[in-house]
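First comes the structure, then the notes that go with it.
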Amino acid sequence: MDAIINRRSVREYDTSKKVDYETLLRLCKVGESAPTARNQQSREYIIIDEASIIERLSNVSQGSRVLKNCNTVLAVIGKNKEALSTPHMQVQDLSCAVENILIEATHLGLGSCYIGIYPLEDRVSACDEILGVDGGAFTFALITIGYPKDKTVFYDKNKFKDDLVHHNRY
Ligand SMILES: Cc1cc2nc3c(=O)[nH]c(=O)nc-3n(C[C@H](O)[C@H](O)[C@H](O)COP(=O)(O)O)c2cc1C
């Protein structure tokens, strides 16, 4: 699928346009379509389009400054580990959801960028406080979503090298 090969981190957005809410719900749905260990469904999502909240999130880390260039953010939230059957696999569950969202956004012609939050405690607690995440749930990642300023932003960077692949033994 071209969306997988051509996905790129987009950091400049046309903020005169907004992604409609139905599309944002679809992105949450594709996130939730990703696998979870023992089907433990350990994730939740927050759709954020309030400028003052995005501004606060943009100051959480150096890497989150890109949020100043966008008007919509998805937060991928981890449910309280205590309620899970396989809590040690929750990070993988959450990562799978993020990747699904990035690929679907690309497929829809939308830009996206993964902003790493978990496991850095200062970032997690700052995001949790800003977003009101509580009850043992935690902010795993933020994803910028929007219309890219540069429409040629999707391209195959060809990061693949033949020597990355081993056959039968490392
Ligand atoms: C776990 C993780 C955390 C990341 N955190 C940030 C971030 O805080 N800010 C940012 O601008 N990009 C972030 N990125 C995006 C990477 O910088 C980007 O994927 C990488 O440079 C490769 O570029 P590409 O996505 O265009 O292929 C993150 C990516 C991952 C997987």
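Residues in the structure tokens are numbered from 1 in each chain, the chains being A, B, ... in the order shown, and ligands are numbered from 1 in the order shown.
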
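Residues of protein, DNA or RNA lying at most 8 Å from ligand 1, when only C-alpha atoms and all ligand atoms are considered, are A:Arg7, A:Arg8, A:Ser9, A:Val10, A:Arg11, A:Ser61, A:Gln62, A:Gly63, A:Ser64, A:Arg65, A:Val66, A:Cys113, A:Tyr114, A:Ile115, A:Gly116, A:Ile117, A:Ala141, A:Lys157.
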
For the residues in the current selection, export all heavy atoms as a CSV table (one decimal), in the first residue's frame.
```csv
chain,number,residue,atom,x,y,z
A,7,ARG,N,4.4,7.4,3.8
A,7,ARG,CA,4.1,8.2,5.0
A,7,ARG,C,5.4,8.9,5.4
A,7,ARG,O,6.5,8.4,5.4
A,7,ARG,CB,3.7,7.3,6.1
A,7,ARG,CG,3.4,8.0,7.4
A,7,ARG,CD,3.7,7.2,8.6
A,7,ARG,NE,5.1,6.7,8.6
A,7,ARG,CZ,6.2,7.5,9.0
A,7,ARG,NH1,6.0,8.7,9.4
A,7,ARG,NH2,7.4,7.0,8.9
A,8,ARG,N,5.2,10.2,5.8
A,8,ARG,CA,6.3,11.0,6.3
A,8,ARG,C,5.8,11.8,7.5
A,8,ARG,O,4.6,12.1,7.5
A,8,ARG,CB,6.9,12.0,5.2
A,8,ARG,CG,7.4,11.4,3.9
A,8,ARG,CD,8.9,11.3,3.9
A,8,ARG,NE,9.3,10.3,4.9
A,8,ARG,CZ,9.4,8.9,4.6
A,8,ARG,NH1,9.0,8.5,3.5
A,8,ARG,NH2,9.8,8.1,5.5
A,9,SER,N,6.7,12.2,8.4
A,9,SER,CA,6.3,13.1,9.5
A,9,SER,C,6.1,14.5,8.9
A,9,SER,O,7.0,15.1,8.3
A,9,SER,CB,7.4,13.1,10.5
A,9,SER,OG,7.5,11.9,11.2
A,10,VAL,N,4.9,15.0,9.1
A,10,VAL,CA,4.6,16.3,8.5
A,10,VAL,C,4.6,17.3,9.7
A,10,VAL,O,3.9,17.1,10.7
A,10,VAL,CB,3.2,16.3,7.8
A,10,VAL,CG1,2.7,17.7,7.4
A,10,VAL,CG2,3.2,15.3,6.6
A,11,ARG,N,5.3,18.4,9.5
A,11,ARG,CA,5.4,19.4,10.6
A,11,ARG,C,5.0,20.8,10.2
A,11,ARG,O,5.0,21.7,11.1
A,11,ARG,CB,6.9,19.4,11.1
A,11,ARG,CG,7.3,18.1,11.7
A,11,ARG,CD,8.7,18.1,12.3
A,11,ARG,NE,9.0,16.8,12.9
A,11,ARG,CZ,9.6,15.8,12.3
A,11,ARG,NH1,9.9,15.9,11.0
A,11,ARG,NH2,9.9,14.7,12.9
A,61,SER,N,7.4,19.5,25.5
A,61,SER,CA,8.8,19.1,25.2
A,61,SER,C,9.3,19.8,24.0
A,61,SER,O,8.5,20.5,23.3
A,61,SER,CB,8.8,17.6,24.9
A,61,SER,OG,8.2,17.3,23.7
A,62,GLN,N,10.6,19.7,23.7
A,62,GLN,CA,11.2,20.3,22.5
A,62,GLN,C,10.4,19.7,21.3
A,62,GLN,O,10.0,20.4,20.3
A,62,GLN,CB,12.6,19.9,22.4
A,62,GLN,CG,13.4,20.7,21.4
A,62,GLN,CD,13.5,22.2,21.7
A,62,GLN,OE1,13.5,22.6,22.9
A,62,GLN,NE2,13.5,23.0,20.7
A,63,GLY,N,10.2,18.4,21.3
A,63,GLY,CA,9.6,17.7,20.2
A,63,GLY,C,8.2,18.1,19.9
A,63,GLY,O,7.6,18.0,18.8
A,64,SER,N,7.5,18.6,21.0
A,64,SER,CA,6.1,18.9,20.8
A,64,SER,C,5.8,20.3,20.3
A,64,SER,O,4.7,20.7,20.0
A,64,SER,CB,5.3,18.7,22.2
A,64,SER,OG,5.6,19.7,23.1
A,65,ARG,N,6.9,21.0,20.0
A,65,ARG,CA,6.8,22.4,19.5
A,65,ARG,C,6.1,22.4,18.2
A,65,ARG,O,5.5,23.4,17.8
A,65,ARG,CB,8.1,23.1,19.5
A,65,ARG,CG,8.7,23.3,20.8
A,65,ARG,CD,9.8,24.3,20.9
A,65,ARG,NE,10.1,24.5,22.3
A,65,ARG,CZ,9.5,25.3,23.2
A,65,ARG,NH1,8.5,26.0,22.7
A,65,ARG,NH2,9.9,25.3,24.4
A,66,VAL,N,6.2,21.4,17.4
A,66,VAL,CA,5.5,21.2,16.1
A,66,VAL,C,4.0,21.5,16.3
A,66,VAL,O,3.4,21.9,15.3
A,66,VAL,CB,5.8,19.9,15.5
A,66,VAL,CG1,5.4,18.7,16.4
A,66,VAL,CG2,5.2,19.7,14.1
A,113,CYS,N,2.2,13.6,12.5
A,113,CYS,CA,3.5,13.4,13.1
A,113,CYS,C,3.3,12.8,14.5
A,113,CYS,O,2.5,13.3,15.3
A,113,CYS,CB,4.2,14.8,13.2
A,113,CYS,SG,5.9,14.6,13.8
A,114,TYR,N,4.1,11.8,14.8
A,114,TYR,CA,4.1,11.1,16.1
A,114,TYR,C,4.9,12.0,17.0
A,114,TYR,O,6.1,12.2,16.8
A,114,TYR,CB,4.7,9.7,15.8
A,114,TYR,CG,4.8,8.8,17.0
A,114,TYR,CD1,4.7,7.4,16.7
A,114,TYR,CD2,4.9,9.1,18.3
A,114,TYR,CE1,4.8,6.4,17.7
A,114,TYR,CE2,4.9,8.2,19.3
A,114,TYR,CZ,4.9,6.9,19.0
A,114,TYR,OH,4.9,5.9,20.0
A,115,ILE,N,4.3,12.4,18.1
A,115,ILE,CA,5.0,13.1,19.2
A,115,ILE,C,5.1,12.2,20.4
A,115,ILE,O,4.1,11.8,21.0
A,115,ILE,CB,4.2,14.4,19.6
A,115,ILE,CG1,3.9,15.2,18.4
A,115,ILE,CG2,5.0,15.2,20.6
A,115,ILE,CD1,5.0,15.8,17.5
A,116,GLY,N,6.4,11.8,20.7
A,116,GLY,CA,6.6,10.8,21.7
A,116,GLY,C,6.4,11.4,23.1
A,116,GLY,O,6.9,12.5,23.5
A,117,ILE,N,5.6,10.8,23.9
A,117,ILE,CA,5.3,11.2,25.3
A,117,ILE,C,5.8,10.1,26.3
A,117,ILE,O,6.7,10.3,27.0
A,117,ILE,CB,3.8,11.5,25.5
A,117,ILE,CG1,3.3,12.6,24.5
A,117,ILE,CG2,3.5,11.9,27.0
A,117,ILE,CD1,4.1,13.9,24.7
A,141,ALA,N,0.9,9.0,23.6
A,141,ALA,CA,1.5,9.8,22.5
A,141,ALA,C,0.5,10.8,22.0
A,141,ALA,O,-0.7,10.7,22.2
A,141,ALA,CB,1.8,8.8,21.3
A,157,LYS,N,11.0,7.5,0.8
A,157,LYS,CA,12.4,7.9,1.1
A,157,LYS,C,13.3,6.8,1.0
A,157,LYS,O,14.5,7.0,1.1
A,157,LYS,CB,12.3,8.4,2.6
A,157,LYS,CG,13.4,9.4,3.0
A,157,LYS,CD,13.3,9.6,4.5
A,157,LYS,CE,13.4,11.1,4.9
A,157,LYS,NZ,13.2,11.3,6.3
```

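Around Thr86 (chain A), within 8 Å and counting only C-alpha atoms, the residues found are Ala37, Arg38 and Gln40 of chain A, once anything fewer than 6 positions away on its own chain is removed.
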
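For the choices A:Leu131, A:Ile4, A:Ala51, A:Val124, the atom-to-atom distance to Glu104 (chain A) is smallest for A:Ile4 when using only C-alpha atoms.
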
Taking the DSSP assignment computed from this structure's backbone, write out as a PyMOL selection string all residues of region 38-150 of chain A that belong to alpha helix (DSSP H). chain A and resi 51-58+90-107+121-131

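Once region 91-99 of chain A and its same-chain neighbours fewer than 4 positions away are set aside, Cys28, Val30, Gly31, Glu32, Ser33, Ala34, Pro35, Thr36, Ala37, Gln40, Gln41, Ser42, Arg43, Val76, Ile77, Gly78, Pro87, Ile103, Glu104, Tyr114, Tyr118, Phe140, Ala141, Leu142 and Ile143 of chain A remain within 9 Å of it when counting only C-alpha atoms.
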
File of the preceding selection, N, CA and C atoms, as a JSON list (two decimals), in the first residue's frame:
```json
[["chain", "number", "residue", "atom", "x", "y", "z"],
["A", 28, "CYS", "N", -9.65, 7.45, 14.93],
["A", 28, "CYS", "CA", -9.71, 6.73, 16.22],
["A", 28, "CYS", "C", -10.15, 5.28, 15.99],
["A", 30, "VAL", "N", -9.64, 3.44, 13.27],
["A", 30, "VAL", "CA", -8.55, 2.64, 12.70],
["A", 30, "VAL", "C", -7.49, 2.37, 13.77],
["A", 31, "GLY", "N", -7.30, 3.32, 14.69],
["A", 31, "GLY", "CA", -6.38, 3.07, 15.80],
["A", 31, "GLY", "C", -6.84, 1.86, 16.59],
["A", 32, "GLU", "N", -8.12, 1.82, 16.85],
["A", 32, "GLU", "CA", -8.68, 0.76, 17.68],
["A", 32, "GLU", "C", -8.80, -0.56, 16.92],
["A", 33, "SER", "N", -8.62, -0.51, 15.59],
["A", 33, "SER", "CA", -8.62, -1.75, 14.79],
["A", 33, "SER", "C", -7.29, -2.48, 14.90],
["A", 34, "ALA", "N", -6.28, -1.83, 15.42],
["A", 34, "ALA", "CA", -4.96, -2.47, 15.57],
["A", 34, "ALA", "C", -5.06, -3.57, 16.63],
["A", 35, "PRO", "N", -4.15, -4.55, 16.54],
["A", 35, "PRO", "CA", -4.21, -5.64, 17.53],
["A", 35, "PRO", "C", -3.87, -5.19, 18.94],
["A", 36, "THR", "N", -4.39, -5.94, 19.92],
["A", 36, "THR", "CA", -3.94, -5.77, 21.31],
["A", 36, "THR", "C", -3.67, -7.15, 21.88],
["A", 37, "ALA", "N", -2.71, -7.23, 22.80],
["A", 37, "ALA", "CA", -2.37, -8.51, 23.41],
["A", 37, "ALA", "C", -3.60, -9.11, 24.08],
["A", 40, "GLN", "N", -6.91, -7.22, 24.75],
["A", 40, "GLN", "CA", -7.23, -6.53, 26.00],
["A", 40, "GLN", "C", -7.77, -5.10, 25.80],
["A", 41, "GLN", "N", -7.69, -4.60, 24.55],
["A", 41, "GLN", "CA", -8.30, -3.31, 24.19],
["A", 41, "GLN", "C", -7.95, -2.25, 25.23],
["A", 42, "SER", "N", -6.66, -1.95, 25.28],
["A", 42, "SER", "CA", -6.09, -1.15, 26.37],
["A", 42, "SER", "C", -5.97, 0.34, 26.05],
["A", 43, "ARG", "N", -6.71, 0.83, 25.05],
["A", 43, "ARG", "CA", -6.49, 2.19, 24.56],
["A", 43, "ARG", "C", -7.76, 3.04, 24.60],
["A", 76, "VAL", "N", -3.30, 9.55, 22.12],
["A", 76, "VAL", "CA", -3.56, 8.12, 22.32],
["A", 76, "VAL", "C", -3.28, 7.83, 23.80],
["A", 77, "ILE", "N", -4.30, 7.31, 24.46],
["A", 77, "ILE", "CA", -4.30, 7.17, 25.92],
["A", 77, "ILE", "C", -4.24, 5.69, 26.29],
["A", 78, "GLY", "N", -3.40, 5.38, 27.25],
["A", 78, "GLY", "CA", -3.36, 4.01, 27.78],
["A", 78, "GLY", "C", -4.32, 3.89, 28.94],
["A", 87, "PRO", "N", -0.78, -6.41, 31.03],
["A", 87, "PRO", "CA", -0.31, -5.02, 31.09],
["A", 87, "PRO", "C", 1.09, -4.81, 30.51],
["A", 103, "ILE", "N", -0.81, 5.82, 9.18],
["A", 103, "ILE", "CA", -0.97, 5.29, 7.82],
["A", 103, "ILE", "C", -2.32, 5.71, 7.23],
["A", 104, "GLU", "N", -3.37, 5.62, 8.03],
["A", 104, "GLU", "CA", -4.69, 6.02, 7.51],
["A", 104, "GLU", "C", -4.72, 7.51, 7.20],
["A", 114, "TYR", "N", 4.08, 11.79, 14.77],
["A", 114, "TYR", "CA", 4.08, 11.11, 16.07],
["A", 114, "TYR", "C", 4.90, 11.95, 17.03],
["A", 118, "TYR", "N", 5.08, 8.99, 26.35],
["A", 118, "TYR", "CA", 5.47, 7.88, 27.21],
["A", 118, "TYR", "C", 6.76, 7.27, 26.66],
["A", 140, "PHE", "N", -0.07, 8.38, 26.19],
["A", 140, "PHE", "CA", 1.00, 7.60, 25.57],
["A", 140, "PHE", "C", 1.69, 8.40, 24.47],
["A", 141, "ALA", "N", 0.92, 9.03, 23.60],
["A", 141, "ALA", "CA", 1.50, 9.78, 22.47],
["A", 141, "ALA", "C", 0.52, 10.83, 22.00],
["A", 142, "LEU", "N", 1.06, 11.84, 21.35],
["A", 142, "LEU", "CA", 0.24, 12.83, 20.65],
["A", 142, "LEU", "C", 0.50, 12.66, 19.16],
["A", 143, "ILE", "N", -0.51, 12.92, 18.35],
["A", 143, "ILE", "CA", -0.34, 12.84, 16.89],
["A", 143, "ILE", "C", -0.92, 14.11, 16.28]]
```

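Shortest separation to Ile46 (chain A) among A:Asp128, A:Glu12, A:Asp20, A:Glu82 occurs at residue A:Asp128, atoms counted being only C-alpha atoms.
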
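Near Lys159 (chain A), within 12 Å and counting only C-alpha atoms, sit Ile5, Asn6, Arg7, Arg8, Tyr155, Asp156, Lys157, Lys161, Asp162, Asp163 and Leu164 of chain A, not including residues fewer than 2 positions from it in the same chain.
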
Selection from above, N, CA, C and O atoms, as a PDB file, in the first residue's frame, can you write it?
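Saved to selection_14.pdb:
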```
ATOM      1  N   ILE A   5       4.467   3.155   2.510  1.00  0.00           N
ATOM      2  CA  ILE A   5       5.795   3.519   1.996  1.00  0.00           C
ATOM      3  C   ILE A   5       5.991   5.037   1.972  1.00  0.00           C
ATOM      4  O   ILE A   5       7.078   5.547   2.259  1.00  0.00           O
ATOM      5  N   ASN A   6       4.931   5.755   1.647  1.00  0.00           N
ATOM      6  CA  ASN A   6       5.056   7.213   1.424  1.00  0.00           C
ATOM      7  C   ASN A   6       4.799   8.055   2.667  1.00  0.00           C
ATOM      8  O   ASN A   6       4.970   9.280   2.626  1.00  0.00           O
ATOM      9  N   ARG A   7       4.373   7.418   3.775  1.00  0.00           N
ATOM     10  CA  ARG A   7       4.130   8.199   4.995  1.00  0.00           C
ATOM     11  C   ARG A   7       5.385   8.939   5.416  1.00  0.00           C
ATOM     12  O   ARG A   7       6.474   8.397   5.412  1.00  0.00           O
ATOM     13  N   ARG A   8       5.230  10.205   5.770  1.00  0.00           N
ATOM     14  CA  ARG A   8       6.342  11.015   6.272  1.00  0.00           C
ATOM     15  C   ARG A   8       5.825  11.816   7.464  1.00  0.00           C
ATOM     16  O   ARG A   8       4.631  12.115   7.539  1.00  0.00           O
ATOM     17  N   TYR A 155       6.317  10.913   0.038  1.00  0.00           N
ATOM     18  CA  TYR A 155       7.195  10.323  -0.982  1.00  0.00           C
ATOM     19  C   TYR A 155       7.940   9.141  -0.364  1.00  0.00           C
ATOM     20  O   TYR A 155       8.046   9.007   0.857  1.00  0.00           O
ATOM     21  N   ASP A 156       8.442   8.293  -1.223  1.00  0.00           N
ATOM     22  CA  ASP A 156       9.187   7.109  -0.774  1.00  0.00           C
ATOM     23  C   ASP A 156      10.637   7.498  -0.525  1.00  0.00           C
ATOM     24  O   ASP A 156      11.392   7.749  -1.456  1.00  0.00           O
ATOM     25  N   LYS A 157      10.999   7.548   0.760  1.00  0.00           N
ATOM     26  CA  LYS A 157      12.360   7.948   1.129  1.00  0.00           C
ATOM     27  C   LYS A 157      13.341   6.784   0.975  1.00  0.00           C
ATOM     28  O   LYS A 157      14.544   6.952   1.091  1.00  0.00           O
ATOM     29  N   LYS A 161      17.275  -1.172   3.278  1.00  0.00           N
ATOM     30  CA  LYS A 161      18.563  -1.639   2.730  1.00  0.00           C
ATOM     31  C   LYS A 161      18.514  -3.162   2.753  1.00  0.00           C
ATOM     32  O   LYS A 161      18.046  -3.750   3.723  1.00  0.00           O
ATOM     33  N   ASP A 162      19.047  -3.789   1.732  1.00  0.00           N
ATOM     34  CA  ASP A 162      19.005  -5.259   1.653  1.00  0.00           C
ATOM     35  C   ASP A 162      19.617  -5.920   2.881  1.00  0.00           C
ATOM     36  O   ASP A 162      19.153  -6.968   3.322  1.00  0.00           O
ATOM     37  N   ASP A 163      20.682  -5.304   3.449  1.00  0.00           N
ATOM     38  CA  ASP A 163      21.371  -5.970   4.566  1.00  0.00           C
ATOM     39  C   ASP A 163      20.611  -5.878   5.892  1.00  0.00           C
ATOM     40  O   ASP A 163      21.085  -6.354   6.923  1.00  0.00           O
ATOM     41  N   LEU A 164      19.406  -5.276   5.875  1.00  0.00           N
ATOM     42  CA  LEU A 164      18.562  -5.278   7.075  1.00  0.00           C
ATOM     43  C   LEU A 164      17.853  -6.625   7.242  1.00  0.00           C
ATOM     44  O   LEU A 164      17.318  -6.922   8.310  1.00  0.00           O
TER      45      LEU A 164
END
```

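One finds CA of Thr139 (chain A) at 8.0 Å from CA of Ser125 (chain A).
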
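Using only C-alpha atoms, the smallest distance between any of A:Ile130, A:Leu110, A:Leu120, A:Leu102 and Glu55 (chain A) comes from A:Ile130.
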
Would you return as an NGL selection string the members of region 13-124 of chain A that DSSP assigns to strand (DSSP E or B) on this structure's backbone? :A and (13 or 43-48 or 73-78 or 111-116)

Residues within 6 Å of Tyr147 (chain A), only C-alpha atoms, excluding chain neighbours under 4 positions, as a list of chain:residue names: A:Tyr13, A:Asp14, A:Leu110, A:Gly111

Calculated over only C-alpha atoms, which of the candidates A:Pro148, A:His88, A:Val60, A:Ser16 has the smallest distance to Glu121 (chain A)? A:Val60

Using only C-alpha atoms, which residues sit within 8 Å of Thr72 (chain A) once same-chain residues fewer than 3 positions away are excluded, as a VMD selection string? chain A and resid 18 to 19 47 to 50 54 144 to 146

So that I have them on file, write out the residues from the current selection with N, CA, C and O atoms, as a PDB file, in the first residue's frame.
```
ATOM      1  N   LYS A  18      -9.659  22.824   8.416  1.00  0.00           N
ATOM      2  CA  LYS A  18      -9.797  21.921   9.569  1.00  0.00           C
ATOM      3  C   LYS A  18     -10.245  20.540   9.109  1.00  0.00           C
ATOM      4  O   LYS A  18     -11.077  20.430   8.184  1.00  0.00           O
ATOM      5  N   VAL A  19      -9.725  19.538   9.701  1.00  0.00           N
ATOM      6  CA  VAL A  19     -10.163  18.173   9.408  1.00  0.00           C
ATOM      7  C   VAL A  19     -11.510  17.958  10.090  1.00  0.00           C
ATOM      8  O   VAL A  19     -11.675  18.301  11.271  1.00  0.00           O
ATOM      9  N   ILE A  47      -9.696  13.595  20.976  1.00  0.00           N
ATOM     10  CA  ILE A  47      -9.628  14.493  19.817  1.00  0.00           C
ATOM     11  C   ILE A  47      -9.507  15.907  20.375  1.00  0.00           C
ATOM     12  O   ILE A  47     -10.355  16.350  21.153  1.00  0.00           O
ATOM     13  N   ILE A  48      -8.447  16.608  19.982  1.00  0.00           N
ATOM     14  CA  ILE A  48      -8.183  17.938  20.555  1.00  0.00           C
ATOM     15  C   ILE A  48      -8.151  18.975  19.428  1.00  0.00           C
ATOM     16  O   ILE A  48      -7.310  18.889  18.522  1.00  0.00           O
ATOM     17  N   ASP A  49      -9.083  19.941  19.494  1.00  0.00           N
ATOM     18  CA  ASP A  49      -9.067  21.012  18.497  1.00  0.00           C
ATOM     19  C   ASP A  49      -9.227  22.391  19.148  1.00  0.00           C
ATOM     20  O   ASP A  49      -9.509  23.378  18.473  1.00  0.00           O
ATOM     21  N   GLU A  50      -9.069  22.443  20.467  1.00  0.00           N
ATOM     22  CA  GLU A  50      -9.145  23.719  21.182  1.00  0.00           C
ATOM     23  C   GLU A  50      -7.746  24.336  21.230  1.00  0.00           C
ATOM     24  O   GLU A  50      -6.805  23.727  21.775  1.00  0.00           O
ATOM     25  N   ILE A  54      -3.993  22.975  22.716  1.00  0.00           N
ATOM     26  CA  ILE A  54      -2.881  22.618  21.815  1.00  0.00           C
ATOM     27  C   ILE A  54      -1.652  23.464  22.148  1.00  0.00           C
ATOM     28  O   ILE A  54      -0.527  22.961  22.178  1.00  0.00           O
ATOM     29  N   THR A 144      -0.096  14.878  15.585  1.00  0.00           N
ATOM     30  CA  THR A 144      -0.623  16.038  14.863  1.00  0.00           C
ATOM     31  C   THR A 144      -1.389  15.521  13.648  1.00  0.00           C
ATOM     32  O   THR A 144      -1.001  14.530  13.023  1.00  0.00           O
ATOM     33  N   ILE A 145      -2.479  16.200  13.330  1.00  0.00           N
ATOM     34  CA  ILE A 145      -3.296  15.823  12.167  1.00  0.00           C
ATOM     35  C   ILE A 145      -3.681  17.102  11.434  1.00  0.00           C
ATOM     36  O   ILE A 145      -4.087  18.081  12.074  1.00  0.00           O
ATOM     37  N   GLY A 146      -3.559  17.097  10.127  1.00  0.00           N
ATOM     38  CA  GLY A 146      -3.996  18.281   9.380  1.00  0.00           C
ATOM     39  C   GLY A 146      -3.645  18.194   7.910  1.00  0.00           C
ATOM     40  O   GLY A 146      -3.041  17.213   7.458  1.00  0.00           O
TER      41      GLY A 146
END
```

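Rounded to one decimal, CA of Leu74 (chain A) and CA of Asn158 (chain A) lie 27.4 Å from each other.
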